[in-house]
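**Student:** Have a peek at query-v5.tsv (TSV, C-alpha atoms).
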chain	number	residue	atom	x	y	z
C	1	MET	CA	9.16	16.17	10.46
C	2	SER	CA	5.40	15.90	10.40
C	3	LEU	CA	4.11	13.02	8.32
C	4	PRO	CA	0.75	13.24	6.60
C	5	ARG	CA	-2.40	11.59	7.83
C	6	PHE	CA	-5.18	10.82	5.41
C	7	GLY	CA	-8.80	10.44	6.37
C	8	ILE	CA	-10.51	7.76	4.30
C	9	GLU	CA	-13.85	7.53	6.10
C	10	PRO	CA	-14.76	8.55	9.64
C	11	ASP	CA	-13.49	5.21	10.98
C	12	ILE	CA	-10.57	4.61	8.57
C	13	GLU	CA	-7.34	6.57	8.27
C	14	LEU	CA	-3.81	6.27	6.99
C	15	ARG	CA	-1.01	7.46	9.24
C	16	ALA	CA	2.66	6.78	9.89
C	17	LEU	CA	3.61	3.72	11.88
C	18	GLU	CA	5.13	4.47	15.27
C	19	SER	CA	7.87	2.70	17.18
C	20	THR	CA	5.25	1.87	19.82
C	21	GLY	CA	3.30	-0.05	17.16
C	22	VAL	CA	5.52	-3.14	17.17
C	23	PRO	CA	3.02	-5.35	19.07
C	24	ALA	CA	0.17	-4.36	16.74
C	25	LEU	CA	2.26	-5.11	13.65
C	26	GLU	CA	3.41	-8.43	15.11
C	27	ALA	CA	-0.22	-9.32	15.84
C	28	LEU	CA	-1.12	-8.71	12.17
C	29	GLY	CA	1.65	-11.10	11.13
C	30	ASP	CA	0.55	-13.89	13.48
C	31	GLY	CA	-1.05	-16.62	11.42
C	32	TYR	CA	-0.78	-14.48	8.29
C	33	THR	CA	-1.85	-16.26	5.14
C	34	SER	CA	-1.66	-14.99	1.62
C	35	HIS	CA	-0.88	-16.40	-1.76
C	36	ARG	CA	2.72	-17.17	-0.76
C	37	ASP	CA	2.45	-16.61	3.01
C	38	GLU	CA	4.77	-13.61	2.76
C	39	TRP	CA	4.75	-10.96	5.44
C	40	LEU	CA	6.23	-7.50	5.48
C	41	PHE	CA	9.08	-7.98	7.89
C	42	SER	CA	10.09	-11.45	6.84
C	43	PRO	CA	12.87	-12.42	7.57
C	44	GLY	CA	13.44	-9.46	9.96
C	45	SER	CA	11.34	-8.36	12.87
C	46	ALA	CA	8.40	-5.98	13.19
C	47	ARG	CA	10.68	-3.59	15.08
C	48	ASP	CA	13.20	-3.63	12.20
C	49	PHE	CA	10.42	-3.03	9.70
C	50	ILE	CA	9.04	-0.02	11.60
C	51	GLU	CA	12.51	1.48	12.21
C	52	THR	CA	13.36	1.14	8.52
C	53	ALA	CA	9.98	2.62	7.55
C	54	LEU	CA	10.42	5.61	9.87
C	55	SER	CA	13.93	6.23	8.57
C	56	ALA	CA	12.78	6.00	4.93
C	57	ASN	CA	9.81	8.29	5.67
C	58	GLU	CA	12.21	10.92	7.00
C	59	ARG	CA	14.26	10.77	3.79
C	60	CYS	CA	11.02	11.17	1.77
C	61	GLY	CA	11.82	8.45	-0.76
C	62	ARG	CA	9.25	6.14	0.72
C	63	LEU	CA	6.07	6.69	2.63
C	64	THR	CA	4.95	3.81	4.83
C	65	LEU	CA	1.53	4.25	6.37
C	66	GLY	CA	-0.55	2.10	8.65
C	67	ILE	CA	-4.14	1.46	7.62
C	68	PHE	CA	-6.11	2.02	10.81
C	69	GLU	CA	-9.74	1.03	11.29
C	70	HIS	CA	-11.38	2.33	14.47
C	71	GLY	CA	-7.86	3.22	15.64
C	72	ILE	CA	-6.60	-0.37	15.28
C	73	LEU	CA	-3.83	-1.29	12.83
C	74	ALA	CA	-5.39	-3.34	10.03
C	75	GLY	CA	-2.55	-3.31	7.50
C	76	VAL	CA	0.27	-1.39	5.88
C	77	LEU	CA	0.41	0.64	2.68
C	78	MET	CA	3.82	1.55	1.29
C	79	CYS	CA	4.39	4.21	-1.35
C	80	ASN	CA	7.67	4.55	-3.20
C	81	VAL	CA	7.66	8.17	-4.31
C	82	ASP	CA	9.73	9.43	-7.24
C	83	SER	CA	9.18	13.19	-7.19
C	84	GLU	CA	11.49	13.77	-10.17
C	85	GLN	CA	9.57	11.38	-12.43
C	86	LYS	CA	6.23	12.31	-10.80
C	87	SER	CA	5.58	8.62	-10.21
C	88	VAL	CA	4.42	6.60	-7.20
C	89	SER	CA	4.20	2.85	-6.65
C	90	PHE	CA	2.09	1.08	-4.05
C	91	ASP	CA	2.57	-2.11	-2.07
C	92	TYR	CA	0.15	-3.28	0.58
C	93	MET	CA	-0.71	-6.01	3.04
C	94	LEU	CA	-3.63	-6.56	5.37
C	95	GLY	CA	-4.03	-8.76	8.40
C	96	ASN	CA	-6.22	-11.83	7.77
C	97	ARG	CA	-9.30	-10.56	9.55
C	98	TYR	CA	-9.36	-7.24	7.68
C	99	ARG	CA	-9.49	-8.64	4.15
C	100	GLY	CA	-12.42	-8.47	1.78
C	101	ARG	CA	-13.81	-5.18	3.09
C	102	GLY	CA	-12.28	-2.75	0.60
C	103	LEU	CA	-9.75	-1.20	2.99
C	104	VAL	CA	-6.86	-1.40	0.52
C	105	THR	CA	-8.94	-0.27	-2.45
C	106	ARG	CA	-10.23	2.78	-0.57
C	107	SER	CA	-6.77	3.57	0.84
C	108	VAL	CA	-4.98	3.36	-2.52
C	109	CYS	CA	-7.81	5.35	-4.14
C	110	ARG	CA	-7.33	8.12	-1.57
C	111	LEU	CA	-3.58	8.26	-2.18
C	112	ILE	CA	-4.03	8.26	-5.96
C	113	GLN	CA	-6.26	11.29	-5.51
C	114	HIS	CA	-3.56	12.91	-3.39
C	115	PHE	CA	-0.70	12.24	-5.80
C	116	PHE	CA	-2.57	12.95	-9.05
C	117	GLU	CA	-4.70	15.89	-7.96
C	118	ARG	CA	-2.64	17.65	-5.29
C	119	ARG	CA	0.95	16.78	-6.23
C	120	GLU	CA	0.37	16.54	-9.99
C	121	PHE	CA	2.02	13.16	-10.40
C	122	VAL	CA	1.63	11.54	-13.82
C	123	GLU	CA	1.68	7.80	-13.10
C	124	ALA	CA	1.06	5.21	-10.42
C	125	TRP	CA	2.18	1.58	-10.25
C	126	ILE	CA	1.10	-1.53	-8.38
C	127	SER	CA	3.25	-4.67	-8.53
C	128	VAL	CA	1.66	-7.89	-7.31
C	129	ASP	CA	2.00	-11.63	-7.55
C	130	PRO	CA	-0.22	-12.48	-10.56
C	131	GLY	CA	-1.53	-15.50	-8.67
C	132	ASN	CA	-2.82	-13.30	-5.88
C	133	VAL	CA	-6.25	-12.66	-7.36
C	134	LYS	CA	-7.41	-10.29	-4.61
C	135	SER	CA	-4.36	-8.03	-4.93
C	136	CYS	CA	-4.77	-7.97	-8.70
C	137	ALA	CA	-8.44	-7.05	-8.24
C	138	VAL	CA	-7.46	-3.90	-6.31
C	139	ALA	CA	-5.47	-2.66	-9.30
C	140	VAL	CA	-8.20	-3.52	-11.80
C	141	ARG	CA	-10.94	-1.94	-9.65
C	142	LEU	CA	-9.01	1.33	-9.64
C	143	GLY	CA	-8.45	1.36	-13.42
C	144	PHE	CA	-4.85	0.11	-13.61
C	145	SER	CA	-3.79	-1.97	-16.63
C	146	VAL	CA	-1.22	-4.77	-16.71
C	147	VAL	CA	1.93	-3.57	-18.42
C	148	GLU	CA	4.20	-6.58	-17.94
C	149	THR	CA	4.85	-9.73	-16.00
C	150	VAL	CA	8.38	-10.12	-14.70
C	151	ARG	CA	9.32	-13.79	-14.33
C	152	GLY	CA	11.19	-14.92	-11.23
C	153	ALA	CA	11.18	-11.45	-9.67
C	154	ILE	CA	10.40	-12.52	-6.09
C	155	THR	CA	11.69	-15.25	-3.84
C	156	SER	CA	9.48	-17.07	-1.37
C	157	GLY	CA	11.56	-19.65	0.44
C	158	SER	CA	13.19	-21.73	-2.27
C	159	GLU	CA	10.52	-20.79	-4.80
C	160	LEU	CA	10.78	-18.04	-7.44
C	161	GLY	CA	7.64	-16.09	-8.20
C	162	ASP	CA	6.48	-13.67	-10.83
C	163	ILE	CA	5.38	-10.05	-10.49
C	164	ALA	CA	2.60	-8.46	-12.54
C	165	ARG	CA	3.16	-4.72	-12.94
C	166	TYR	CA	0.05	-2.57	-13.27
C	167	ARG	CA	0.16	1.08	-14.37
C	168	LEU	CA	-2.29	3.97	-14.24
C	169	THR	CA	-1.61	7.43	-15.68
C	170	SER	CA	-3.18	10.62	-14.41
C	171	SER	CA	-4.91	11.09	-17.79
C	172	GLU	CA	-6.54	7.63	-17.39
C	173	TRP	CA	-7.56	8.24	-13.78
C	174	THR	CA	-11.27	8.41	-13.15
C	175	PRO	CA	-12.35	8.03	-9.56
C	176	PRO	CA	-14.62	4.97	-9.18
C	177	LEU	CA	-18.37	5.62	-9.36
C	178	ASN	CA	-18.53	5.37	-5.60
C	179	ALA	CA	-15.65	7.84	-5.41
C	180	LEU	CA	-14.39	8.69	-1.99
C	181	PRO	CA	-14.84	12.21	-0.78
C	182	VAL	CA	-11.65	14.20	-1.15
C	183	TYR	CA	-10.36	14.58	2.39
C	184	LYS	CA	-7.54	16.91	3.23
C	185	ALA	CA	-4.46	15.52	4.94
C	186	VAL	CA	-4.96	16.13	8.67
Using structure tokens, write down the structure that the file contains.

**Tutor:**
Amino acid sequence: MSLPRFGIEPDIELRALESTGVPALEALGDGYTSHRDEWLFSPGSARDFIETALSANERCGRLTLGIFEHGILAGVLMCNVDSEQKSVSFDYMLGNRYRGRGLVTRSVCRLIQHFFERREFVEAWISVDPGNVKSCAVAVRLGFSVVETVRGAITSGSELGDIARYRLTSSEWTPPLNALPVYKAV
């Protein structure tokens, strides 16, 4: 099965993770810091994460893509796709040194364009820790609105954390003023 690749800008693309990408994914997790110091494959391994992602990609219920800048893995963007409900939800993480440059915002924007304009989906979701201001800013920047906060929805060590759920409908979608060009999947 051929998985899609999405051009974001000449030096940024989204593409499927590969089993040979374990060292690159492990390197992103080294010294990772975020609001709760969570990382994608915790408590498993990078290899487990990639194998699970590849398996889920083949079943088409989830699309896990690497965010590559200049050919180097910068982060991961996961899409849970519900084709029946015409809904997609996004989850994302970036390595420390790739933050603050708009990679996630541009990547999610590109996929929203794909799902709303090409696949005629009707809604998109982003669920984030409400204390993670930068992750919340991605949703707000793209026009999402907070729908609910679910208390105690995530576990980080012995600590329970909340999840803020943001929603955007296709009728609300307006590409940002600095809208990305619409690239075709390559």

**Student:** Could you tell me, as a PyMOL selection string, which residues have any atom at most 12 Å from (-7.3, 6.1, -0.5), counting all atoms listed in the file?

**Tutor:** chain C and resi 5-9+12-15+65+67+77+79+90+102-116+138+142+175-176+179-185

**Student:** Considering only C-alpha atoms, state which residue in the set C:Arg167, C:Lys86, C:His70, C:Arg62 is at the smallest distance from Asp11 of chain C.

**Tutor:**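 Comparing C:Arg167, C:Lys86, C:His70, C:Arg62 against Asp11 of chain C, the winner is C:His70.
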
**Student:** Enter the distance from atom CA of Tyr166 of chain C to atom CA of Leu25 of chain C, in Å, rounded to one decimal.

**Tutor:**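 So the two atoms, atom CA of Tyr166 of chain C and atom CA of Leu25 of chain C, lie 27.1 Å apart.
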
**Student:** Figure out the distance between atom CA of Gly66 of chain C and atom CA of Glu117 of chain C, please, to one decimal in Å.

**Tutor:**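 Atom CA of Gly66 of chain C lies 22.0 Å from atom CA of Glu117 of chain C.
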
**Student:** Could you check how far atom CA of Glu148 of chain C sits from atom CA of Arg165 of chain C, in Å to one decimal?

**Tutor:**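 These two atoms are separated by 5.4 Å.
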
**Student:** Given the choices C:Leu160, C:Leu168, C:Ala24, C:Val133, which gets closest to Gly75 of chain C if the distance is worked out from all atoms listed in the file?

**Tutor:** C:Ala24

**Student:** Using only C-alpha atoms, which residue out of C:Ala124, C:Leu17, C:Ala139, C:Val150 lies closest to Ala74 of chain C?

**Tutor:**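 When distances to Ala74 of chain C are compared using only C-alpha atoms, the smallest one comes from C:Leu17.
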
**Student:** When distances are computed from all atoms listed in the file, which of C:Asp162, C:Glu18, C:Asp82, C:Glu26 shows the smallest separation from Val122 of chain C?

**Tutor:** C:Asp82

**Student:** Around all listed atoms of segment 9-22 of chain C, padded 8 Å per side, what centre and edge lengths does the axis-aligned box have in Å to one decimal, as AutoDock Vina command-line options?

**Tutor:**
--center_x -3.4 --center_y 2.7 --center_z 13.0 --size_x 38.6 --size_y 27.7 --size_z 29.7

**Student:** Nearest to Val146 of chain C among C:Met93, C:Asp129, C:Lys134, C:Ala164, with distances taken over only C-alpha atoms: which residue is it?

**Tutor:** C:Ala164

**Student:** Filtering to C-alpha atoms, could segment 53-155 of chain C of the supplied structure be written out as a compact mmCIF listing (two decimals), in the first residue's frame?

**Tutor:**
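Output file part-v7.txt is given in full below:
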# COMPACT_ATOMS: atom_id res chain seq x y z
CA ALA C 53 2.03 3.10 13.38
CA LEU C 54 2.84 1.16 10.20
CA SER C 55 0.29 -1.52 11.08
CA ALA C 56 -2.40 1.08 11.84
CA ASN C 57 -1.57 2.96 8.61
CA GLU C 58 -2.17 -0.23 6.64
CA ARG C 59 -5.60 -0.66 8.23
CA CYS C 60 -6.40 2.99 7.35
CA GLY C 61 -7.90 3.87 10.72
CA ARG C 62 -4.92 5.97 11.64
CA LEU C 63 -2.38 7.87 9.65
CA THR C 64 0.94 8.48 11.37
CA LEU C 65 3.28 10.77 9.50
CA GLY C 66 6.73 12.06 10.22
CA ILE C 67 7.28 15.80 9.93
CA PHE C 68 10.53 16.10 7.99
CA GLU C 69 12.52 19.29 7.62
CA HIS C 70 15.39 19.15 5.10
CA GLY C 71 14.89 15.37 5.11
CA ILE C 72 15.44 15.09 8.89
CA LEU C 73 12.70 13.86 11.23
CA ALA C 74 11.52 16.82 13.32
CA GLY C 75 8.35 15.37 14.83
CA VAL C 76 5.30 13.18 14.37
CA LEU C 77 1.74 14.02 13.37
CA MET C 78 -0.95 11.41 13.97
CA CYS C 79 -4.40 11.51 12.38
CA ASN C 80 -7.23 9.33 13.58
CA VAL C 81 -9.49 9.11 10.55
CA ASP C 82 -13.19 8.28 10.80
CA SER C 83 -14.31 8.01 7.17
CA GLU C 84 -17.89 7.12 8.12
CA GLN C 85 -18.35 10.23 10.27
CA LYS C 86 -16.14 12.32 7.94
CA SER C 87 -14.08 13.36 10.96
CA VAL C 88 -10.35 13.50 11.68
CA SER C 89 -8.46 14.18 14.90
CA PHE C 90 -4.85 15.29 15.19
CA ASP C 91 -2.15 14.65 17.76
CA TYR C 92 1.40 15.89 17.39
CA MET C 93 4.81 16.13 18.99
CA LEU C 94 8.02 17.85 17.99
CA GLY C 95 11.58 17.35 19.11
CA ASN C 96 12.87 20.13 21.37
CA ARG C 97 15.01 21.87 18.78
CA TYR C 98 12.21 22.07 16.20
CA ARG C 99 9.68 23.95 18.33
CA GLY C 100 8.55 27.51 17.84
CA ARG C 101 8.98 27.56 14.05
CA GLY C 102 5.43 26.79 12.95
CA LEU C 103 6.10 23.24 11.74
CA VAL C 104 3.05 21.77 13.46
CA THR C 105 0.76 24.64 12.51
CA ARG C 106 1.74 24.40 8.84
CA SER C 107 1.51 20.60 8.87
CA VAL C 108 -1.94 20.48 10.47
CA CYS C 109 -3.10 23.28 8.16
CA ARG C 110 -2.02 21.24 5.13
CA LEU C 111 -3.86 18.15 6.35
CA ILE C 112 -7.00 20.14 7.16
CA GLN C 113 -6.94 21.35 3.56
CA HIS C 114 -6.59 17.75 2.41
CA PHE C 115 -9.41 16.36 4.55
CA PHE C 116 -11.86 19.25 4.12
CA GLU C 117 -11.24 20.11 0.48
CA ARG C 118 -10.25 16.82 -1.15
CA ARG C 119 -11.97 14.21 1.03
CA GLU C 120 -14.96 16.36 2.01
CA PHE C 121 -14.67 15.72 5.72
CA VAL C 122 -16.94 17.82 7.94
CA GLU C 123 -14.99 18.19 11.19
CA ALA C 124 -11.52 18.10 12.69
CA TRP C 125 -10.45 17.74 16.32
CA ILE C 126 -7.35 18.50 18.35
CA SER C 127 -7.09 17.26 21.95
CA VAL C 128 -4.33 18.78 24.07
CA ASP C 129 -3.32 19.30 27.65
CA PRO C 130 -4.89 22.70 28.49
CA GLY C 131 -1.72 23.64 30.36
CA ASN C 132 0.36 23.18 27.23
CA VAL C 133 0.00 26.72 25.93
CA LYS C 134 1.94 26.13 22.70
CA SER C 135 -0.18 23.13 21.69
CA CYS C 136 -3.34 25.07 22.45
CA ALA C 137 -2.03 27.95 20.32
CA VAL C 138 -1.80 25.66 17.27
CA ALA C 139 -5.53 24.93 17.52
CA VAL C 140 -6.47 28.57 18.07
CA ARG C 141 -4.23 29.78 15.21
CA LEU C 142 -6.05 27.44 12.83
CA GLY C 143 -9.54 28.54 13.93
CA PHE C 144 -10.47 25.67 16.27
CA SER C 145 -12.72 26.41 19.27
CA VAL C 146 -12.66 24.70 22.67
CA VAL C 147 -15.65 22.41 23.00
CA GLU C 148 -14.92 20.77 26.35
CA THR C 149 -12.32 19.98 28.96
CA VAL C 150 -12.24 16.37 30.11
CA ARG C 151 -10.93 16.10 33.67
CA GLY C 152 -8.46 13.34 34.52
CA ALA C 153 -8.33 12.03 30.95
CA ILE C 154 -4.58 11.41 30.78
CA THR C 155 -2.08 9.84 33.12
